[in-house]
Amino acid sequence: MAARVGVVTFPGSLDDHDAAAAVVAVGGEAVALWHEDDDLRGVDAVVLPGGFSYGDYLRCGAVAHLAPVMRAVARHAADGGTVLGICNGFQVLCEARLLPGALLRNERLRFVSRPVGLVVGRTDTPATAGYAEGARIVLPVKHGEGRYVADDATLDRLEAEDRIVLRYAPGENPNGSLRDVAGVCSEGRNVVGLMPHPEHAVDPVLAGGTDGRPLLAGVAGTLGTPAAAGTLSRSR
Amino acid sequence: MSAAPPPVAFPPDEALTPERAGELARELGLEDDELARIAATLGRTPSVSELGMYSVMWSEHCSYKSSRIHLRGLPTEGPQVLAGPGENAGVVDVGDGLAVTFKVESHNHPSAVEPVQGAATGVGGILRDILTMGARPIAVMDALRVGDPGGWTRPDGTVAPPVARQRHLLDGVVRGVGMYGNCVGVPNVGGETVLDDAYAENPLVNAYALGVLRHEELQRARAERPGDLAVLLGSATGRDGIGGASVLASATFEAGGEDKRPNVQIGDPFAEKLLIECCLELYARGLVAGIQDMGAAGIACATSELASAASMGMEVDLDRVHLRDATMASWEILCSESQERMLALVRPDRLEELLAVAARWQVPASVIGEVVEGATLRLRRRGDVVVAAPARSLADEGPLLDRPRARSAARDAVAAVDADAVDLAAEAAARAGGDVALLVARLLAAPALAAKDWVHAQYDDTVRGGTVLPPGAAGAGVVRLPGSRRAVAMSLVGNGRWCEVDPREGTRRVVAAAHRDVACTGARPLAATNCLNLGDPTRPDQMWELVEVVGGLGDACAALGTPVTGGNVSLYNATSGRPIPPTPVVGVVGVLADAADAVGRVLRASADPVAPDVLLLLGAPTAPGLAGSELRRLLDLPVGGVLAPVDADLERRLAGVLADAAAAGRLTSAGSVGRGGLAAALVRAAVAGGTGARVALPDVAGVPRDDARWAAQALFSEAPGRVLAGVPAADVDAVLAACAAADVPALRLGEVGGDAVVLGDVATLDLATTVDDHRGALARALGEDA
C-alpha cells in the first residue's frame with residue numbers, strides 16, 4: 001500500500017522539492033513537513049532531503065539535528081518507522097546519532113557532482129528492497145562533504161551486520177569514503193542514510209537516469225505497483 | 001528639468017561648501033561638468049550623501065553613459081518579448097502561459113581582486129535580477145575567462161610551465177560559482193571556461209541566470225501607489241562593497257588590486273536561498289506591489305529606480321535600515337552593496353502579512369520608507385534630511401556621452417595577415433617529428449579545446465529536477481519547465497579571438513554560434529541577451545571596438561530573429577593600457593515543445609552494428625576559416641586575417657531543419673562546428689558518447705585537396721554555419737530530403753562506431769586514449785588527476 005511520505009524542509013534544504021516529486025513519481029503520497037513542526041502529521045515514512053540546512057556554515061547537519069522536527073523523527077525511528085536521509089539528510093542523521101559515523105570534507109577538498117556507479121548491499125531495508133543484492137546502479141552524487149568515516153570497530157561491525165547497504169563500485173569512490181561506504185542503515189534497518197541522490201534518478205526524460213526509482217518506491221511502499229515500475233536504465 | 005526645490009538645511013556632517021564638493025566629487029570619480037549638472041538640477045550644492053548617490057548612479061556601471069546611445073540601435077521587439085531592455089531582465093513567452101526571464105552580467109573586476117567572492121556574488125546578483133521579475137530561478141551558467149594555467153603538453157611536446165596566478169584565479173572563480181550556486185540550489189547547466197592569456201591580467205566572470213514564471217506573475221520595479229510602504233528584505237546593510245559600482249567596475253585596473261579588496265562584496269548563498277523562497281511566497285500571496293533588487297549602488301539605486309519608473313517620489317528613513325554597524329555614515333548606508341537584499345513595496349494593510357512571511361523564512365525585514373506623490377526622493381537620518389533629489393535625475397538622467405572613436409591604424413596589419421595559409425604537414429615537421437596525427441592529437445587534447453569535466457564536476461547540475469541536458473552534453477543547457485512538457489535551451493558563447501580580428505563580424509559570428517548551439521538541441525531560438533566585455537571607452541580605438549561590437553550584435557540578432565531582451569556592458573577591462581580583446585558574450589534562449597525531444601551532442605554508440613548512425617555535415621559548405629582560430633592560437637601564429645562571414649539566412653533555415661528533425665525523432669546527436677573546427681566537434685561528440693566514429697573530410701571552398709593548406713582547413717576551419725549531426729541510418733534519406741527542401745546543404749561524412757576517431761586520411765585517434773586525454777586534460781594540467 002502506498003505510504004504517506006513526509007519530506008522535511010529545513011531552511012536551506014534544496015532537494016526537498018525533488019524528493020517530494022520523486023515520491024509522487026513512484027506512486028507515493030508526499031507530505032510537506034516543516035523544520036519547526038513537532039509532529040510528523042501521521043506520515044508512514046520520512047525523507048530528510050539534500051541541501052545546505054541552515055547554510056551548513058558549521059559542520060554539515062550540526063544545526064539541523066537540533067530542529068524541533070528532529071525530535072519527532074527520532075521517535076518515529078525508535079518506533080521502527082522508515083527514515084531516509086539523502087546527502088545533507090544523511091549528515092543530519094549522523095549528527096543526530098540515528099546512524100553511526102560522520103561525513104567529512106571530500107578527500108580532494110572539492111565539491112563533486114557526477115554520476116557514480118554503486119553496488120547495492122542487503123535488500124532487507126526499505127531503501128534497498130527494490131533491488132537485487134549486488135545490483136550495479138548509477139546515481140548522481142553532489143556534495144562537498146561526503147567522505148564517510150567511522151572508527152575501525154564501527155566499520156567492522158557495520159560490515160559484520162551487513163549494514164553498508166550501498167557502496168561505491170570499484171574505482172568509483174568520489175570522496176574517499178572509508179570502505180567505499182555510500183550508504184548505511186541503522187541497527188533496526190529502518191533508518192537509511194546515503195550520499196547519492198536517488199530522487200534525481202526517477203525520470204527518463206531527465207539527465208539522471210531512472211535507477212533511483214526502486215529506492216524511492218521501497219520507501220514509498222509502492223514496490224511492485226505499475227506506478228513504481230521503471231527499468232534500470234544504465235549500468236557500468 | 002523640474003523647478004529647483006526649496007533650500008535644505010543639511011546637518012553639519014552632510015553640508016558641503018562648493019569647494020569641498022568639488023574635491024569630493026573628483027575623489028568619487030565624478031567629472032567637473034557632471035558636478036555642475038548635479039548642482040544645476042538641485043539648484044544648490046549637493047550634500048555628501050547626494051554626491052555619493054550621484055557618483056554611483058552616474059557611474060559607467062549604472063548609467064551606461066558611454067554605451068547607451070549606441071545600444072539604442074539594437075533590435076528589442078518581437079511578439080515573443082513580454083519585457084525588454086530597461087527591466088531587470090528580459091522576459092520572453094515560451095507558450096502554455098509560461099515565460100522565461102534571463103540575463104547575463106559581468107563581475108569581472110571584483111573577481112580579479114577576490115576570485116571566490118567576486119564570482120560568488122556575481123551569481124547571487126544575477127539570481128536577484130531574475131527573482132525581481134517574479135520568476136523562480138531554474139538555471140545558472142557562467143562564462144569564465146582566465147589566462148593559461150600551464151601544465152599541459154603543447155603542440156611541440158614540451159610542457160607549458162605552471163602559472164600560479166592563473167591557477168589561483170581559475171580555482172577561485174570556479175569555487176566561487178560552485179559555492180554560491182550549489183548552496184542556493186539552482187542547477188548550473190553550462191557556459192564556457194576559456195583559458196587564454198589575453199585575459200591573464202583581466203579575467204572575465206560573466207554570470208547568467210534564467211527563471212520561469214507564468215505571464216500573470218510578472219512583477220514590476222515601479223512605485224506606483226502613494227502610501228505603499230518600502231520594506232527592506234534580507235541581510236543587514238554593512239560596509240562591504242561600498243562604491244563597488246564606481247570604484248571597481250568603472251575604472252581600469254592596475255597592479256596592487258588587493259588594496260581594493262574591502263570594496264568587494266561578500267556572498268551568503270544561504271541568505272539568498274531564504275530570500276528567494278520568501279519573495280516567491282510573497283508574490284504568490286499577491287503581497288508585492290513593486291520590487292527591486294539591491295546590488296550595485298544598493299539603496300541609492302533601488303529607491304531612485306522604483307520611484308523614477310513611475311514618476312513618483314519616496315520618503316526614506318535611513319535610521320530604520322537594519323545595519324551591521326551602527327556607526328555607518330548615511331552615504332555608506334545608501335551606497336553599500338551588501339548582498340542578498342531586496343526592496344519590496346506593500347500596501348499598508350498587508351504589511352503584517354508580509355512581515356509574517358518574512359519571519360517564517362527567517363528573512364530580516366524593515367519598513368524603511370513610503371511612496372509619495374511628487375518626484376522627489378527624500379532621505380532622512382536622525383530626523384535630518386540628507387538627500388532631497390529628483391528620483392529621475394539619479395536613475396534616468398545620467399550623463400549620455402558620444403565619446404570619440406577611431407579605427408586603429410594597427411588594424412590594417414591585422415587584416416593583412418594571411419591567416420588561412422597553415423600547412424599542417426609543415427607544422428608537424430617542425431613540432432611533432434613529422435607526425436601529423438600526433439600533432440592533431442596534441443592540439444585537440446589542449447585544455448583550451450578539451451572537455452571541461454574538472455569545472456562541471458564542481459557544480460550541482462541536477463537540483464530542482466529539470467535538467468535534461470547537463471553541461472558537456474550539448475552546446476546549450478536544456479531544462480524542462482516545472483509542471484510542463486516544454487523545455488528551454490540556453491546557450492552562452494563568447495569568442496574574443498574572432499572579435500580581435502574583426503569586432504563586428506566576430507560578434508555576428510558569436511551570435512550565430514549561440515543561436516546554433518540552441519538550434520542543435522532541437523529548440524527554436526527566441527531571444528538573446530548579452531554581456532559586452534570591452535576596454536577603455538576613453539580611448540578612441542577601444543571605443544571604436546565597442547561601437548563595432550554593438551553594431552554586429554544588432555545586425556545578427558535582427559537577421560536571426562532573436563531580439564535583444566537585455567544585457568550588460570562591462571568597460572575598462574584594460575590593465576596598464578592593454579585592453580582585453582573585445583569579448584561579447586551572447587546567450588540565446590530557445591524553446592522545445594517536448595523536453596523528451598531534446599538532442600545533445602553526444603554520439604550514440606551503435607545499437608545496430610550493421611546500420612550504425614550516420615554522421616552528416618549540415619549547413620554551409622566548409623569555407624577557409626583560420627582567422628582568429630584556436631589552431632592559430634595553439635600554434636602561436638600571429639592574430640589576424642579576415643573572417644568568413646555569417647550567412648544569417650542559412651543559419652535560420654538550418655535551425656528550422658534541426659528543430660523539425662529533433663521533433664520527428666530523426667536526430668540522435670547534433671553539435672555545432674565552431675571553436676577548433678570539425679576535428680574538435682567530432683572529438684567532443686565522440687568523447688561524450690564514449691564511442692568512436694569515422695568521417696571523410698569535406699571539401700574546402702577554394703582550397704583543393706592537393707593544396708598543402710587543405711588539411712588544416714578541413715580539420716580546424718571555424719567558418720560559421722555548420723552542424724555535425726548524427727542520424728539513424730533509417731532516417732538519413734528523410735533528413736537529406738528535408739535539407740534539400742529547405743535549401744540547406746548537407747553532406748554525408750561518415751558513421752558512428754568503432755574504437756577510434758578517424759579523421760579521414762589525416763589522423764586516426766585511439767578512442768580510449770582520446771577519452772582519457774579529454775576528460776582528464778584540465779585536471780592533469782592543474783596537477784589533479786581526473
# chains A, B, ... in the order shown; residues from 1 in each chain; ligands from 1
>>> residues_around(residues="Glu133 in chain A", least_positions_apart="5", cutoff="8 Å", atoms="only C-alpha atoms", output="number ranges by chain")
A: 120-123
>>> residues_around(residues="Leu323 in chain B", least_positions_apart="4", cutoff="7 Å", atoms="only C-alpha atoms", output="PDB file with N, CA, C and O atoms, in the first residue's frame")
ATOM      1  N   ALA B 236      21.470  42.334   6.702  1.00  0.00           N
ATOM      2  CA  ALA B 236      21.770  43.654   7.253  1.00  0.00           C
ATOM      3  C   ALA B 236      22.755  44.363   6.332  1.00  0.00           C
ATOM      4  O   ALA B 236      23.564  43.746   5.649  1.00  0.00           O
ATOM      5  N   THR B 237      22.643  45.682   6.341  1.00  0.00           N
ATOM      6  CA  THR B 237      23.498  46.506   5.491  1.00  0.00           C
ATOM      7  C   THR B 237      24.812  46.798   6.211  1.00  0.00           C
ATOM      8  O   THR B 237      24.802  47.249   7.359  1.00  0.00           O
ATOM      9  N   GLY B 238      25.901  46.516   5.527  1.00  0.00           N
ATOM     10  CA  GLY B 238      27.206  46.720   6.139  1.00  0.00           C
ATOM     11  C   GLY B 238      28.112  47.529   5.242  1.00  0.00           C
ATOM     12  O   GLY B 238      27.672  48.070   4.216  1.00  0.00           O
TER      13      GLY B 238
END
>>> interface_residues(of="chain B", to="chain A", cutoff="7 Å", atoms="only C-alpha atoms", output="ChimeraX atom specification")
/B:183,185,270,273-274,457-460,462-470,595-596
>>> residues_around(residues="range 185-196 of chain A", least_positions_apart="3", cutoff="8 Å", atoms="only C-alpha atoms", output="MDAnalysis selection string")
chainID A and resid 77 80:91 93 98:100 124:127 139:143 146 163:166 182
>>> closest_residue(among="B:Pro149, B:Ser311, B:Pro226, B:Ala135", to="Glu277 in chain B", atoms="only C-alpha atoms")
B:Ala135
>>> closest_residue(among="B:Gly640, B:Pro704, B:Gly506, B:Pro390", to="Val586 in chain B", atoms="only C-alpha atoms")
B:Gly506
>>> residues_around(residues="Gly171 in chain A", least_positions_apart="3", cutoff="9 Å", atoms="only C-alpha atoms", output="list in words")
Gly117, Tyr168 and Pro174 of chain A
>>> write_last_selection(atoms="all heavy atoms", output="mmCIF file, in the first residue's frame")
data_model
loop_
_atom_site.group_PDB
_atom_site.id
_atom_site.type_symbol
_atom_site.label_atom_id
_atom_site.label_comp_id
_atom_site.auth_asym_id
_atom_site.auth_seq_id
_atom_site.Cartn_x
_atom_site.Cartn_y
_atom_site.Cartn_z
ATOM 1 N N GLY A 117 28.859 4.953 -10.131
ATOM 2 C CA GLY A 117 28.409 3.566 -10.101
ATOM 3 C C GLY A 117 28.374 3.068 -8.657
ATOM 4 O O GLY A 117 29.251 3.392 -7.859
ATOM 5 N N TYR A 168 30.203 2.466 -3.141
ATOM 6 C CA TYR A 168 30.703 2.910 -4.439
ATOM 7 C C TYR A 168 31.350 1.715 -5.130
ATOM 8 O O TYR A 168 32.091 0.955 -4.504
ATOM 9 C CB TYR A 168 31.717 4.050 -4.281
ATOM 10 C CG TYR A 168 31.097 5.242 -3.585
ATOM 11 C CD1 TYR A 168 31.481 5.620 -2.299
ATOM 12 C CD2 TYR A 168 30.099 5.992 -4.219
ATOM 13 C CE1 TYR A 168 30.892 6.694 -1.653
ATOM 14 C CE2 TYR A 168 29.497 7.067 -3.575
ATOM 15 C CZ TYR A 168 29.896 7.419 -2.295
ATOM 16 O OH TYR A 168 29.301 8.478 -1.660
ATOM 17 N N PRO A 174 33.960 8.694 -4.998
ATOM 18 C CA PRO A 174 34.207 10.072 -5.397
ATOM 19 C C PRO A 174 34.756 10.968 -4.296
ATOM 20 O O PRO A 174 35.061 12.134 -4.550
ATOM 21 C CB PRO A 174 32.805 10.557 -5.801
ATOM 22 C CG PRO A 174 31.887 9.821 -4.875
ATOM 23 C CD PRO A 174 32.557 8.473 -4.611
#
>>> residues_around(residues="Val73 in chain A", least_positions_apart="3", cutoff="10 Å", atoms="only C-alpha atoms", output="list in words")
Val8, Asp38, Asp39, Leu40, Ala45, Val46, Val47, Leu48, His65, Pro68, Val69, Met70, His76, Ala77, Ala78, Asp79, Gly81, Thr82, Val83, Leu93, Ala96 and Leu98 of chain A
>>> write_last_selection(atoms="C-alpha atoms", output="PDB file, in the first residue's frame")
ATOM      1  CA  VAL A   8      11.223  17.756   5.747  1.00  0.00           C
ATOM      2  CA  ASP A  38       6.965  18.958  16.364  1.00  0.00           C
ATOM      3  CA  ASP A  39       4.926  16.146  14.911  1.00  0.00           C
ATOM      4  CA  LEU A  40       5.046  14.246  11.651  1.00  0.00           C
ATOM      5  CA  ALA A  45       7.987   7.388   6.308  1.00  0.00           C
ATOM      6  CA  VAL A  46      10.217  10.457   6.470  1.00  0.00           C
ATOM      7  CA  VAL A  47      12.752  11.768   3.972  1.00  0.00           C
ATOM      8  CA  LEU A  48      15.411  14.220   5.096  1.00  0.00           C
ATOM      9  CA  HIS A  65      19.701  17.914  14.029  1.00  0.00           C
ATOM     10  CA  PRO A  68      12.072  20.572  16.614  1.00  0.00           C
ATOM     11  CA  VAL A  69      11.088  18.199  13.822  1.00  0.00           C
ATOM     12  CA  MET A  70      14.101  16.011  14.537  1.00  0.00           C
ATOM     13  CA  HIS A  76       9.474   7.754  14.598  1.00  0.00           C
ATOM     14  CA  ALA A  77      12.784   5.944  14.071  1.00  0.00           C
ATOM     15  CA  ALA A  78      12.712   4.436  17.556  1.00  0.00           C
ATOM     16  CA  ASP A  79       9.237   3.092  16.803  1.00  0.00           C
ATOM     17  CA  GLY A  81       9.374   3.872  11.197  1.00  0.00           C
ATOM     18  CA  THR A  82      11.158   4.331   7.914  1.00  0.00           C
ATOM     19  CA  VAL A  83      13.590   7.256   7.667  1.00  0.00           C
ATOM     20  CA  LEU A  93      21.082  11.581  10.716  1.00  0.00           C
ATOM     21  CA  ALA A  96      21.559  13.085  15.420  1.00  0.00           C
ATOM     22  CA  LEU A  98      20.480   7.906  14.426  1.00  0.00           C
TER      23      LEU A  98
END
>>> atom_distance(atom1="CA of His168 in chain B", atom2="CA of Leu109 in chain A")
15.0 Å
>>> residues_around(residues="Gln265 in chain B", least_positions_apart="3", cutoff="7 Å", atoms="only C-alpha atoms", output="MDAnalysis selection string")
chainID B and resid 117 121 240:241 337:339
>>> select_by_dssp(residues="range 6-186 of chain A", states="strand (DSSP E)", output="NGL selection string")
:A and (6-9 or 29-34 or 45-48 or 82-86 or 102-104 or 112-120 or 136-143 or 147-149 or 164-168 or 181-185)
>>> closest_residue(among="B:Arg722, B:Arg360, B:Arg214, B:Arg37", to="Gly483 in chain B", atoms="only C-alpha atoms")
B:Arg214
>>> atom_distance(atom1="CA of Arg653 in chain B", atom2="CA of Leu618 in chain B")
10.7 Å
>>> closest_residue(among="B:Ser393, B:Thr691, B:Thr193, B:Thr770", to="Gly472 in chain B", atoms="only C-alpha atoms")
B:Thr193
>>> residues_around(residues="Met133 in chain B", least_positions_apart="6", cutoff="10 Å", atoms="only C-alpha atoms", output="PyMOL selection string")
chain B and resi 83+87-91+100-102+211-213+217-221+290-293
>>> select_by_dssp(residues="range 422-539 of chain B", states="alpha helix (DSSP H)", output="PyMOL selection string")
chain B and resi 424-431+436-445+453-456+496-501+503-520
